[in-house]
$ cat protein11.txt   # compact mmCIF, C-alpha atoms
# COMPACT_ATOMS: atom_id res chain seq x y z
CA MET A 262 44.30 135.11 144.95
CA GLN A 263 47.59 134.19 143.29
CA THR A 264 50.67 134.28 145.52
CA HIS A 265 54.40 134.11 144.79
CA PHE A 266 56.13 133.05 147.99
CA SER A 267 59.46 131.30 147.52
CA LEU A 268 60.06 127.77 148.75
CA ALA A 269 62.36 129.20 151.41
CA GLN A 270 59.58 131.49 152.63
CA LEU A 271 57.04 128.66 152.68
CA ALA A 272 59.35 126.67 154.95
CA ASP A 273 58.24 129.08 157.69
CA PRO A 274 54.97 127.61 159.09
CA ALA A 275 53.52 131.10 159.69
CA ILE A 276 54.15 132.11 156.06
CA ALA A 277 52.72 128.79 154.86
CA ASP A 278 49.54 129.50 156.85
CA ALA A 279 49.36 133.04 155.44
CA ASP A 280 49.76 131.68 151.91
CA LYS A 281 46.78 129.33 152.34
CA ILE A 282 44.64 132.18 153.66
CA LEU A 283 45.63 134.54 150.84
CA ARG A 284 44.94 131.91 148.19
CA ALA A 285 41.40 131.44 149.53
CA CYS A 286 40.51 135.08 148.80
CA VAL A 287 38.66 135.54 145.46
CA HIS A 288 38.58 139.37 145.50
CA CYS A 289 34.76 139.38 145.62
CA GLY A 290 34.49 142.40 147.92
CA PHE A 291 31.54 141.13 149.95
CA CYS A 292 33.60 141.95 153.05
CA THR A 293 33.62 145.67 152.29
CA ALA A 294 29.89 146.04 152.95
CA THR A 295 30.19 144.75 156.52
CA CYS A 296 33.56 146.22 157.52
CA PRO A 297 33.04 149.02 160.08
CA THR A 298 36.07 151.07 159.03
CA TYR A 299 35.16 150.88 155.35
CA VAL A 300 31.57 151.89 156.19
CA LEU A 301 32.94 154.92 158.07
CA LEU A 302 35.83 155.93 155.81
CA GLY A 303 35.00 154.54 152.35
CA ASP A 304 38.68 153.78 151.71
CA GLU A 305 39.43 150.46 150.00
CA LEU A 306 42.61 150.11 152.06
CA ASP A 307 40.46 150.32 155.20
CA SER A 308 38.50 147.25 154.11
CA PRO A 309 39.53 143.61 154.64
CA ARG A 310 40.20 143.19 150.90
CA GLY A 311 42.43 146.24 150.85
CA ARG A 312 44.32 145.15 153.95
CA ILE A 313 44.77 141.68 152.47
CA TYR A 314 46.51 143.24 149.45
CA LEU A 315 48.77 145.30 151.72
CA ILE A 316 49.62 142.29 153.89
CA LYS A 317 50.26 140.10 150.85
CA ASP A 318 52.64 142.66 149.37
CA MET A 319 54.48 143.06 152.67
CA LEU A 320 54.88 139.35 153.41
CA GLU A 321 55.56 138.25 149.84
CA GLY A 322 58.32 140.80 149.47
CA GLY A 323 59.82 139.74 152.79
CA ARG A 324 60.17 143.40 153.66
CA ALA A 325 59.70 145.49 156.74
CA ALA A 326 56.31 147.09 157.24
CA ASP A 327 55.93 150.64 155.92
CA ALA A 328 53.92 153.48 157.44
CA ARG A 329 51.00 153.11 155.01
CA THR A 330 50.54 149.40 155.74
CA VAL A 331 50.83 150.01 159.46
CA ARG A 332 48.24 152.80 159.37
CA HIS A 333 45.61 150.67 157.66
CA VAL A 334 46.30 147.48 159.63
CA ASP A 335 46.16 149.51 162.86
CA ARG A 336 42.72 150.77 161.88
CA CYS A 337 41.41 147.19 161.67
CA LEU A 338 39.23 146.37 164.69
CA SER A 339 39.65 142.60 164.30
CA CYS A 340 35.85 142.51 164.65
CA LEU A 341 35.84 139.58 162.16
CA SER A 342 32.59 140.68 160.53
CA CYS A 343 34.38 139.99 157.25
CA MET A 344 34.77 136.33 158.21
CA THR A 345 31.02 135.99 158.73
CA THR A 346 30.41 137.58 155.32
CA CYS A 347 33.15 135.85 153.32
CA PRO A 348 31.78 133.12 150.99
CA SER A 349 35.27 131.64 150.52
CA GLY A 350 36.14 131.00 154.15
CA VAL A 351 39.13 133.35 154.29
CA HIS A 352 40.51 133.15 157.86
CA TYR A 353 41.24 136.85 158.12
CA MET A 354 41.84 136.68 161.89
CA HIS A 355 44.96 134.55 161.57
CA LEU A 356 46.24 136.66 158.66
CA VAL A 357 45.90 140.03 160.40
CA ASP A 358 47.35 138.62 163.64
CA HIS A 359 50.39 137.45 161.68
CA ALA A 360 50.65 140.89 160.04
CA ARG A 361 50.58 142.59 163.44
CA HIS A 362 53.41 140.44 164.74
CA HIS A 363 55.40 141.17 161.57
CA ILE A 364 54.77 144.90 162.05
CA ALA A 365 55.87 144.74 165.69
CA ALA A 366 59.10 143.01 164.64
CA THR A 367 59.99 145.24 161.67
CA PHE A 368 58.46 148.71 162.13
CA GLN A 369 59.71 151.45 164.44
CA ARG A 370 56.70 153.33 165.80
CA PRO A 371 56.94 156.88 167.17
CA LEU A 372 58.05 156.92 170.80
CA PRO A 373 54.67 157.99 172.30
CA ASP A 374 52.92 155.15 170.44
CA ARG A 375 55.53 152.63 171.59
CA LEU A 376 55.21 153.76 175.18
CA LEU A 377 51.41 153.60 175.15
CA ARG A 378 51.35 150.12 173.63
CA ARG A 379 53.94 148.88 176.08
CA MET A 380 52.03 150.35 179.00
CA LEU A 381 48.80 148.68 177.90
CA ALA A 382 50.54 145.33 177.46
CA ILE A 383 52.03 145.55 180.95
CA VAL A 384 49.12 147.02 182.91
CA LEU A 385 45.89 145.55 181.51
CA PRO A 386 46.70 141.82 181.97
CA LYS A 387 47.61 142.31 185.65
CA PRO A 388 44.53 143.02 187.82
CA LYS A 389 46.44 144.50 190.77
CA LEU A 390 48.42 146.85 188.55
CA PHE A 391 45.34 147.74 186.51
CA ARG A 392 43.37 148.56 189.66
CA LEU A 393 46.17 150.86 190.86
CA SER A 394 46.21 152.59 187.47
CA LEU A 395 42.47 153.24 187.71
CA ILE A 396 42.92 154.82 191.12
CA GLY A 397 45.58 157.02 189.54
CA ALA A 398 43.17 157.90 186.74
CA VAL A 399 40.61 159.11 189.27
CA LEU A 400 43.20 161.41 190.81
CA ALA A 401 44.36 162.65 187.40
CA ARG A 402 40.90 163.28 185.93
CA PRO A 403 40.70 166.94 187.05
CA LEU A 404 43.87 167.61 185.04
CA ALA A 405 42.65 165.86 181.88
CA TRP A 406 42.21 169.19 180.07
CA ALA A 407 45.98 169.73 180.13
CA MET A 408 46.87 166.28 178.80
CA PRO A 409 47.39 165.03 175.24
CA LYS A 410 44.18 163.87 173.55
CA ARG A 411 45.20 160.21 173.65
CA LEU A 412 45.65 160.34 177.42
CA GLN A 413 42.34 162.18 177.73
CA SER A 414 40.61 159.26 176.00
CA LEU A 415 42.19 156.85 178.48
CA LEU A 416 40.92 158.89 181.41
CA MET A 417 37.42 159.23 180.03
CA LEU A 418 37.03 155.46 179.74
CA ALA A 419 38.26 154.84 183.29
CA PRO A 420 35.47 154.34 185.87
CA ARG A 421 34.94 157.15 188.35
CA HIS A 422 34.69 154.70 191.23
CA PRO A 423 37.15 151.77 190.97
CA THR A 424 35.88 148.55 192.51
CA SER A 425 37.42 146.46 195.27
CA PRO A 426 38.72 142.96 194.50
CA SER A 427 36.05 140.26 194.66
CA PRO A 428 36.70 137.22 196.89
CA VAL A 429 35.41 134.91 194.14
CA ASP A 430 38.37 135.65 191.88
CA ARG A 431 40.86 133.77 194.09
CA PRO A 432 41.71 130.09 193.37
CA GLN A 433 39.01 127.95 194.99
CA VAL A 434 36.11 125.59 194.29
CA PHE A 435 32.41 126.49 194.47
CA ALA A 436 30.16 123.53 195.17
CA ALA A 437 27.13 122.78 193.02
CA GLN A 438 23.71 123.30 194.52
CA GLY A 439 22.05 119.89 194.61
CA PRO A 440 23.45 116.93 192.67
CA ARG A 441 26.54 117.81 190.65
CA LYS A 442 25.82 117.73 186.92
CA LYS A 443 29.03 119.27 185.60
CA ARG A 444 32.46 120.34 186.79
CA VAL A 445 33.76 123.44 185.03
CA ALA A 446 36.65 125.88 185.25
CA LEU A 447 35.82 129.59 185.07
CA MET A 448 38.33 132.02 183.60
CA THR A 449 38.15 135.09 185.83
CA GLY A 450 40.07 137.19 183.32
CA CYS A 451 42.11 140.32 183.91
CA ALA A 452 40.43 143.64 183.05
CA GLN A 453 36.92 142.31 183.72
CA GLN A 454 37.55 141.37 187.34
CA VAL A 455 38.75 144.95 187.90
CA LEU A 456 36.10 146.82 185.89
CA ALA A 457 33.07 144.66 186.72
CA PRO A 458 33.66 141.97 189.37
CA ALA A 459 29.89 141.43 189.61
CA ILE A 460 30.02 139.53 186.31
CA ASN A 461 32.12 136.68 187.69
CA GLU A 462 30.01 136.63 190.86
CA ALA A 463 26.80 136.33 188.81
CA THR A 464 28.36 133.64 186.61
CA ILE A 465 29.31 131.50 189.62
CA ARG A 466 25.86 131.86 191.17
CA LEU A 467 24.18 130.93 187.89
CA LEU A 468 26.38 127.88 187.31
CA THR A 469 26.19 126.51 190.86
CA ARG A 470 22.41 127.06 190.90
CA HIS A 471 22.22 124.87 187.80
CA GLY A 472 24.20 122.01 189.33
CA CYS A 473 27.75 122.91 188.27
CA GLU A 474 30.81 122.75 190.46
CA VAL A 475 32.93 125.76 189.54
CA VAL A 476 36.72 125.76 189.80
CA ILE A 477 38.89 128.87 189.82
CA ALA A 478 42.16 127.22 188.84
CA LYS A 479 45.42 128.25 190.47
CA GLY A 480 47.78 129.79 187.93
CA ALA A 481 45.16 130.80 185.35
CA GLY A 482 45.07 134.47 184.42
CA CYS A 483 44.85 136.72 181.37
CA CYS A 484 43.99 134.85 178.17
CA GLY A 485 46.70 136.71 176.23
CA ALA A 486 44.39 138.38 173.72
CA LEU A 487 45.36 141.97 174.56
CA THR A 488 49.07 141.46 173.99
CA HIS A 489 48.55 139.05 171.08
CA HIS A 490 46.51 141.60 169.13
CA LEU A 491 49.14 144.24 169.84
CA GLY A 492 51.61 142.02 168.00
CA GLN A 493 53.47 141.18 171.21
CA ASP A 494 54.31 137.83 172.77
CA SER A 495 51.46 136.28 174.75
CA LEU A 496 52.56 132.65 174.82
CA SER A 497 53.68 132.68 178.45
CA MET A 498 50.13 133.63 179.51
CA VAL A 499 48.62 131.09 177.10
CA LYS A 500 50.82 128.29 178.42
CA ALA A 501 50.12 129.23 182.05
CA ASN A 502 46.38 128.88 181.45
CA ILE A 503 46.79 125.57 179.66
CA SER A 504 48.92 124.24 182.51
CA ALA A 505 46.42 125.40 185.16
CA TRP A 506 43.43 123.82 183.43
CA GLN A 507 45.36 120.70 182.52
CA SER A 508 46.03 120.14 186.22
CA GLU A 509 42.28 120.24 186.89
CA MET A 510 41.61 117.89 183.98
CA ALA A 511 44.15 115.43 185.34
CA GLY A 512 42.56 115.61 188.80
CA GLU A 513 38.78 115.43 189.04
CA GLY A 514 38.34 116.32 185.38
CA LEU A 515 36.58 119.19 183.61
CA ASP A 516 33.47 119.22 181.47
CA ALA A 517 34.18 122.72 180.15
CA VAL A 518 36.29 125.83 180.47
CA ILE A 519 33.78 128.65 180.84
CA ILE A 520 34.49 132.14 179.48
CA ASN A 521 32.20 135.09 180.20
CA ALA A 522 34.16 137.68 178.20
CA SER A 523 33.70 136.77 174.56
CA GLY A 524 36.91 138.47 173.45
CA CYS A 525 38.79 136.06 175.72
CA GLY A 526 36.71 133.14 174.51
CA THR A 527 37.63 133.71 170.87
CA THR A 528 41.31 133.64 171.82
CA VAL A 529 41.14 130.59 174.12
CA LYS A 530 39.27 128.69 171.42
CA ASP A 531 42.24 129.52 169.17
CA TYR A 532 44.91 128.17 171.54
CA GLY A 533 45.09 125.00 169.47
CA PHE A 534 46.07 126.99 166.39
CA MET A 535 48.44 129.30 168.26
CA LEU A 536 50.46 126.35 169.58
CA LYS A 537 50.00 123.85 166.77
CA ASP A 538 53.71 123.93 165.89
CA ASP A 539 54.84 123.48 169.51
CA ALA A 540 55.53 119.76 169.92
CA GLN A 541 55.11 119.87 173.70
CA CYS A 542 52.01 122.06 173.91
CA ALA A 543 50.07 121.34 170.71
CA ALA A 544 47.93 118.49 172.07
CA PRO A 545 47.12 120.12 175.46
CA ALA A 546 46.31 123.42 173.74
CA ALA A 547 43.95 121.71 171.30
CA ALA A 548 42.26 119.90 174.19
CA ILE A 549 41.67 123.16 176.06
CA SER A 550 40.29 124.86 172.95
CA ALA A 551 37.90 121.96 172.44
CA LEU A 552 36.65 122.28 176.04
CA THR A 553 36.13 126.06 175.92
CA ARG A 554 32.57 127.41 175.96
CA ASP A 555 31.10 130.87 176.21
CA ILE A 556 28.76 131.06 179.21
CA SER A 557 25.73 131.58 176.94
CA GLU A 558 26.76 128.63 174.76
CA PHE A 559 27.16 126.42 177.83
CA MET A 560 23.89 127.50 179.48
CA ALA A 561 21.94 126.98 176.25
CA ALA A 562 23.14 123.36 176.17
CA LEU A 563 22.65 122.82 179.92
CA GLY A 564 19.16 124.33 180.00
CA LEU A 565 17.95 127.36 181.95
CA GLN A 566 15.65 127.02 184.92
CA LYS A 567 12.24 128.64 184.80
CA PRO A 568 12.31 132.29 185.89
CA ALA A 569 11.94 132.80 189.61
CA LEU A 570 10.26 136.19 189.17
CA PRO A 571 8.59 138.21 186.41
CA THR A 572 11.18 140.13 184.35
CA PRO A 573 9.27 142.05 181.67
CA LEU A 574 12.11 144.47 180.86
CA ARG A 575 12.77 145.51 177.27
CA VAL A 576 16.39 144.50 176.68
CA ALA A 577 18.40 145.73 173.70
CA TYR A 578 20.83 142.90 173.06
CA HIS A 579 24.19 143.98 171.66
CA SER A 580 25.91 141.03 170.02
CA ALA A 581 29.64 141.38 170.68
CA CYS A 582 31.74 140.90 167.54
CA SER A 583 33.91 138.30 169.24
CA LEU A 584 30.77 136.31 170.03
CA GLN A 585 28.78 136.57 166.79
CA HIS A 586 31.72 136.65 164.34
CA GLY A 587 34.60 135.15 166.31
CA GLN A 588 32.63 132.22 167.76
CA ALA A 589 29.50 132.13 165.58
CA ILE A 590 27.30 132.37 168.69
CA ARG A 591 24.33 134.49 167.69
CA LEU A 592 21.02 132.95 168.77
CA GLU A 593 21.86 131.41 172.15
CA PRO A 594 22.12 134.62 174.25
CA LYS A 595 18.86 136.00 172.86
CA ALA A 596 17.07 132.69 173.34
CA LEU A 597 18.25 132.51 176.96
CA LEU A 598 17.11 136.06 177.70
CA ALA A 599 13.72 135.36 176.14
CA LYS A 600 13.38 132.15 178.15
CA ALA A 601 14.21 134.15 181.27
CA GLY A 602 11.21 136.37 180.54
CA PHE A 603 12.83 139.44 178.98
CA LYS A 604 11.58 141.18 175.86
CA VAL A 605 14.64 140.97 173.59
CA LEU A 606 15.15 143.73 171.03
CA ASP A 607 17.44 143.32 168.01
CA VAL A 608 19.73 146.29 167.39
CA HIS A 609 19.83 147.74 163.85
CA GLU A 610 23.26 147.27 162.21
CA GLY A 611 23.95 144.64 164.84
CA HIS A 612 26.83 143.26 162.76
CA LEU A 613 28.82 146.49 163.16
CA CYS A 614 31.35 146.85 165.98
CA CYS A 615 30.78 149.24 168.89
CA GLY A 616 34.39 150.41 168.66
CA SER A 617 35.78 148.68 171.75
CA ALA A 618 37.77 145.86 170.14
CA GLY A 619 40.23 145.17 172.95
CA THR A 620 42.55 148.18 173.10
CA TYR A 621 41.22 149.76 169.89
CA ASN A 622 39.21 152.43 171.70
CA LEU A 623 42.43 153.47 173.46
CA LEU A 624 44.63 153.41 170.35
CA GLN A 625 42.13 154.70 167.76
CA PRO A 626 39.81 156.91 169.87
CA LYS A 627 38.39 158.95 166.97
CA LEU A 628 37.17 155.95 164.96
CA ALA A 629 36.11 154.12 168.11
CA THR A 630 33.99 157.06 169.24
CA ALA A 631 32.31 157.34 165.84
CA LEU A 632 31.40 153.64 165.97
CA ARG A 633 30.21 153.92 169.57
CA ASP A 634 27.96 156.88 168.78
CA ARG A 635 26.49 155.01 165.80
CA LYS A 636 25.83 151.96 168.00
CA VAL A 637 24.30 154.04 170.80
CA ALA A 638 21.99 155.83 168.36
CA ASN A 639 20.75 152.50 166.99
CA ILE A 640 20.15 151.24 170.52
CA ALA A 641 18.36 154.43 171.62
CA SER A 642 15.95 154.15 168.68
CA LEU A 643 14.52 151.00 170.32
CA ALA A 644 13.69 152.82 173.58
CA PRO A 645 14.87 149.86 175.71
CA ASP A 646 14.85 149.65 179.49
CA CYS A 647 18.43 148.40 179.47
CA ILE A 648 21.20 147.00 177.29
CA ALA A 649 22.78 143.56 177.56
CA ALA A 650 26.04 142.29 176.05
CA GLY A 651 28.43 139.40 176.60
CA ASN A 652 31.79 141.16 176.56
CA ILE A 653 33.36 143.54 179.08
CA GLY A 654 34.92 145.70 176.36
CA CYS A 655 31.53 146.33 174.76
CA LEU A 656 29.94 147.07 178.14
CA THR A 657 32.60 149.68 178.95
CA GLN A 658 32.58 151.24 175.49
CA ILE A 659 28.80 151.55 175.11
CA ALA A 660 28.37 152.76 178.69
CA SER A 661 30.67 155.69 177.93
CA GLY A 662 28.16 157.01 175.39
CA THR A 663 24.74 156.45 176.97
CA ALA A 664 22.85 156.90 180.23
CA LEU A 665 20.92 153.66 179.67
CA PRO A 666 21.84 150.93 182.16
CA ILE A 667 24.02 148.24 180.61
CA VAL A 668 24.71 144.80 182.10
CA HIS A 669 26.25 141.50 181.13
CA THR A 670 23.80 138.92 179.80
CA VAL A 671 24.74 136.57 182.64
CA GLU A 672 23.71 139.16 185.25
CA LEU A 673 20.17 139.19 183.84
CA LEU A 674 20.03 135.38 183.71
CA ASP A 675 21.27 135.16 187.29
CA TRP A 676 18.66 137.68 188.44
CA ALA A 677 15.84 135.95 186.58
CA THR A 678 16.65 132.56 188.14
CA GLY A 679 16.95 133.72 191.74
CA GLY A 680 20.03 135.93 192.04
CA PRO A 681 20.20 139.57 193.13
CA LYS A 682 19.08 142.38 190.86
CA PRO A 683 22.06 143.90 188.98
CA LEU A 684 23.06 147.15 190.63
CA ALA A 685 23.24 148.93 187.27
CA LEU A 686 19.47 148.53 186.82
CA GLY A 687 18.72 150.76 189.79
CA ASP A 688 14.98 151.23 190.32
CA ILE A 689 13.76 150.02 186.92
$ encode --input "protein11.txt" --output "structure tokens"
Amino acid sequence: MQTHFSLAQLADPAIADADKILRACVHCGFCTATCPTYVLLGDELDSPRGRIYLIKDMLEGGRAADARTVRHVDRCLSCLSCMTTCPSGVHYMHLVDHARHHIAATFQRPLPDRLLRRMLAIVLPKPKLFRLSLIGAVLARPLAWAMPKRLQSLLMLAPRHPTSPSPVDRPQVFAAQGPRKKRVALMTGCAQQVLAPAINEATIRLLTRHGCEVVIAKGAGCCGALTHHLGQDSLSMVKANISAWQSEMAGEGLDAVIINASGCGTTVKDYGFMLKDDAQCAAPAAAISALTRDISEFMAALGLQKPALPTPLRVAYHSACSLQHGQAIRLEPKALLAKAGFKVLDVHEGHLCCGSAGTYNLLQPKLATALRDRKVANIASLAPDCIAAGNIGCLTQIASGTALPIVHTVELLDWATGGPKPLALGDI
């Protein structure tokens, strides 16, 4: 794609990066076939190629975002399916992230939209505040019929029974069982430890059972993805995580930073890019990104123990977009589940997003629900005993549309190798 940025514009590192990405695009349109919003809406501007044209026009002209550009960029899930499809290696993720920050800086949204986005950016990254908000949602649910549709969608996604804080999410060290093979830091996350604390508990049991010392580092928290993809500043959270893990690296060392929410993993693996122009943080950020592993990626390399009990369940594996497209991790989770004794079922249209996409299901509930229903129908056609996925957003989104039990992949691996049966599986 030909671009016409001025030399003054290209002096801005962010514009220079955008220019390289735009120039890599050859207009082929392969991305349209795998873009969820284009599949649903059939509008060229709701495809990656169409959004690239809008972003190019906006950035090249050095102008404020207009309502049309905002509408179509907002509809993007950042599922990154287009990056898997693209034969030219267009790094769409960095381009659309830059566009979102430009929109946030130059476009005045309607007041209700501004308030909702601000609330999400404040509440979701803070577990204590998020837990309080879920308690409030339980109390407000009976009045949902009288609320605006957008607030109704927030209430419907909130769990009916908020969980209590798990003791494993506090800064501490969990000793390896037997000889120590690895020393790893586990990111406990923000929303996940509130919505499904059993995931971190299962992850720690699985890792320690396989000879890993697990560190919950003091000062580590939200990865920053939620605010970053809203076009808001997330660097304070990013730098806090880097500092926390750097301290552990400087002490007894770390063999890996383990992430069990793939949306977070995609962002942490991008810390090196996010801070590449920061003279003080560039090298530490790149080091953390290089150490970061999804739990399935790490366990595949470490090796899974033989199953401790028969587990002949039929498991429909939903491949989270942030895992298969954002991190190119596709085979490892399925191979681990199969090794653990489960019958793994591939979901039709597995490349299409379930509609969660961070805060997308809260900001674009109509499109998110259509994608969820399509995903649930494809899963139901397999008649599985349960569903497995590697991202908390997907688990929450899919669960809102089906009665089938759904669990994190790590919960099944923990169970198969000697841990407790996941509560969601009930009597099956």
$ closest_atom_pairs --input "protein11.txt" --of "stretch 507-579 of chain A" --to "stretch 428-449 of chain A" --cutoff "12 Å" --atoms "only C-alpha atoms" --output "tab-separated table"
residue	atom	partner	partner_atom	distance
A:Gln507	CA	A:Ala446	CA	10.5
A:Ser508	CA	A:Ala446	CA	11.0
A:Glu509	CA	A:Ala446	CA	8.1
A:Met510	CA	A:Ala446	CA	9.5
A:Gly512	CA	A:Arg444	CA	11.3
A:Glu513	CA	A:Arg444	CA	8.3
A:Gly514	CA	A:Arg444	CA	7.3
A:Leu515	CA	A:Val445	CA	5.3
A:Asp516	CA	A:Val445	CA	5.5
A:Ala517	CA	A:Val445	CA	5.0
A:Val518	CA	A:Ala446	CA	4.8
A:Ile519	CA	A:Leu447	CA	4.8
A:Ile520	CA	A:Met448	CA	5.6
A:Asn521	CA	A:Met448	CA	7.7
A:Ala522	CA	A:Met448	CA	8.9
A:Ser523	CA	A:Met448	CA	11.2
A:Cys525	CA	A:Met448	CA	8.9
A:Gly526	CA	A:Met448	CA	9.3
A:Val529	CA	A:Met448	CA	10.0
A:Ile549	CA	A:Ala446	CA	10.8
A:Leu552	CA	A:Val445	CA	9.5
A:Thr553	CA	A:Ala446	CA	9.3
A:Arg554	CA	A:Leu447	CA	9.9
A:Asp555	CA	A:Leu447	CA	10.1
A:Ile556	CA	A:Leu447	CA	9.3
A:Phe559	CA	A:Val445	CA	10.2
A:Met560	CA	A:Lys443	CA	11.5
A:Ala562	CA	A:Lys443	CA	11.8
A:Leu563	CA	A:Lys442	CA	9.2
A:Gly564	CA	A:Lys442	CA	11.7
$ atom_distance --input "protein11.txt" --atom1 "atom CA of A:Ala548" --atom2 "atom CA of A:Gly533"
7.5 Å
$ residues_around --input "protein11.txt" --residues "A:Gly482" --least-positions-apart "2" --cutoff "7 Å" --atoms "all atoms listed in the file" --output "NGL selection string"
:A and (450-451 or 480 or 484 or 502)
$ residues_around --input "protein11.txt" --residues "stretch 652-660 of chain A" --least-positions-apart "2" --cutoff "10 Å" --atoms "only C-alpha atoms" --output "PyMOL selection string"
chain A and resi 418-420+452-454+456-457+460+520-526+579-584+614-622+629-630+632-634+636-637+640+648-650+662-670
$ atom_distance --input "protein11.txt" --atom1 "atom CA of A:Arg284" --atom2 "atom CA of A:Met262"
4.6 Å
$ atom_distance --input "protein11.txt" --atom1 "atom CA of A:Gly680" --atom2 "atom CA of A:Ala577"
20.9 Å
$ residues_around --input "protein11.txt" --residues "A:Gly492" --least-positions-apart "6" --cutoff "9 Å" --atoms "only C-alpha atoms" --output "count of residues only"
9
$ residues_near_point --input "protein11.txt" --point "(20.3, 134.4, 192.0)" --cutoff "8 Å" --atoms "all atoms listed in the file" --output "compact mmCIF listing (two decimals) with C-alpha atoms, in the coordinates of the input"
# COMPACT_ATOMS: atom_id res chain seq x y z
CA ALA A 463 26.80 136.33 188.81
CA ARG A 466 25.86 131.86 191.17
CA LEU A 467 24.18 130.93 187.89
CA ARG A 470 22.41 127.06 190.90
CA ASP A 675 21.27 135.16 187.29
CA TRP A 676 18.66 137.68 188.44
CA ALA A 677 15.84 135.95 186.58
CA THR A 678 16.65 132.56 188.14
CA GLY A 679 16.95 133.72 191.74
CA GLY A 680 20.03 135.93 192.04
CA PRO A 681 20.20 139.57 193.13
$ closest_residue --input "protein11.txt" --among "A:Cys343, A:Cys542, A:Leu623, A:Ala561" --to "A:Arg591" --atoms "only C-alpha atoms"
A:Ala561
$ residues_around --input "protein11.txt" --residues "A:Arg402" --least-positions-apart "3" --cutoff "8 Å" --atoms "all atoms listed in the file" --output "PyMOL selection string"
chain A and resi 398-399+405+416-417
$ residues_around --input "protein11.txt" --residues "A:Lys317" --least-positions-apart "2" --cutoff "12 Å" --atoms "all atoms listed in the file" --output "JSON, numbers by chain"
{"A": [262, 263, 264, 265, 266, 276, 279, 280, 281, 282, 283, 284, 286, 309, 310, 311, 312, 313, 314, 315, 319, 320, 321, 322, 323, 324, 326, 330, 356, 357, 359, 360, 363]}
$ closest_residue --input "protein11.txt" --among "A:Gly611, A:Leu624, A:Cys647, A:Gly303" --to "A:Leu376" --atoms "all atoms listed in the file"
A:Leu624
$ closest_residue --input "protein11.txt" --among "A:Val608, A:Ala511, A:Val476, A:Ala547" --to "A:Val499" --atoms "all atoms listed in the file"
A:Ala547
$ closest_residue --input "protein11.txt" --among "A:Ala325, A:Leu613, A:Met354, A:Ala294" --to "A:Gly587" --atoms "all atoms listed in the file"
A:Met354
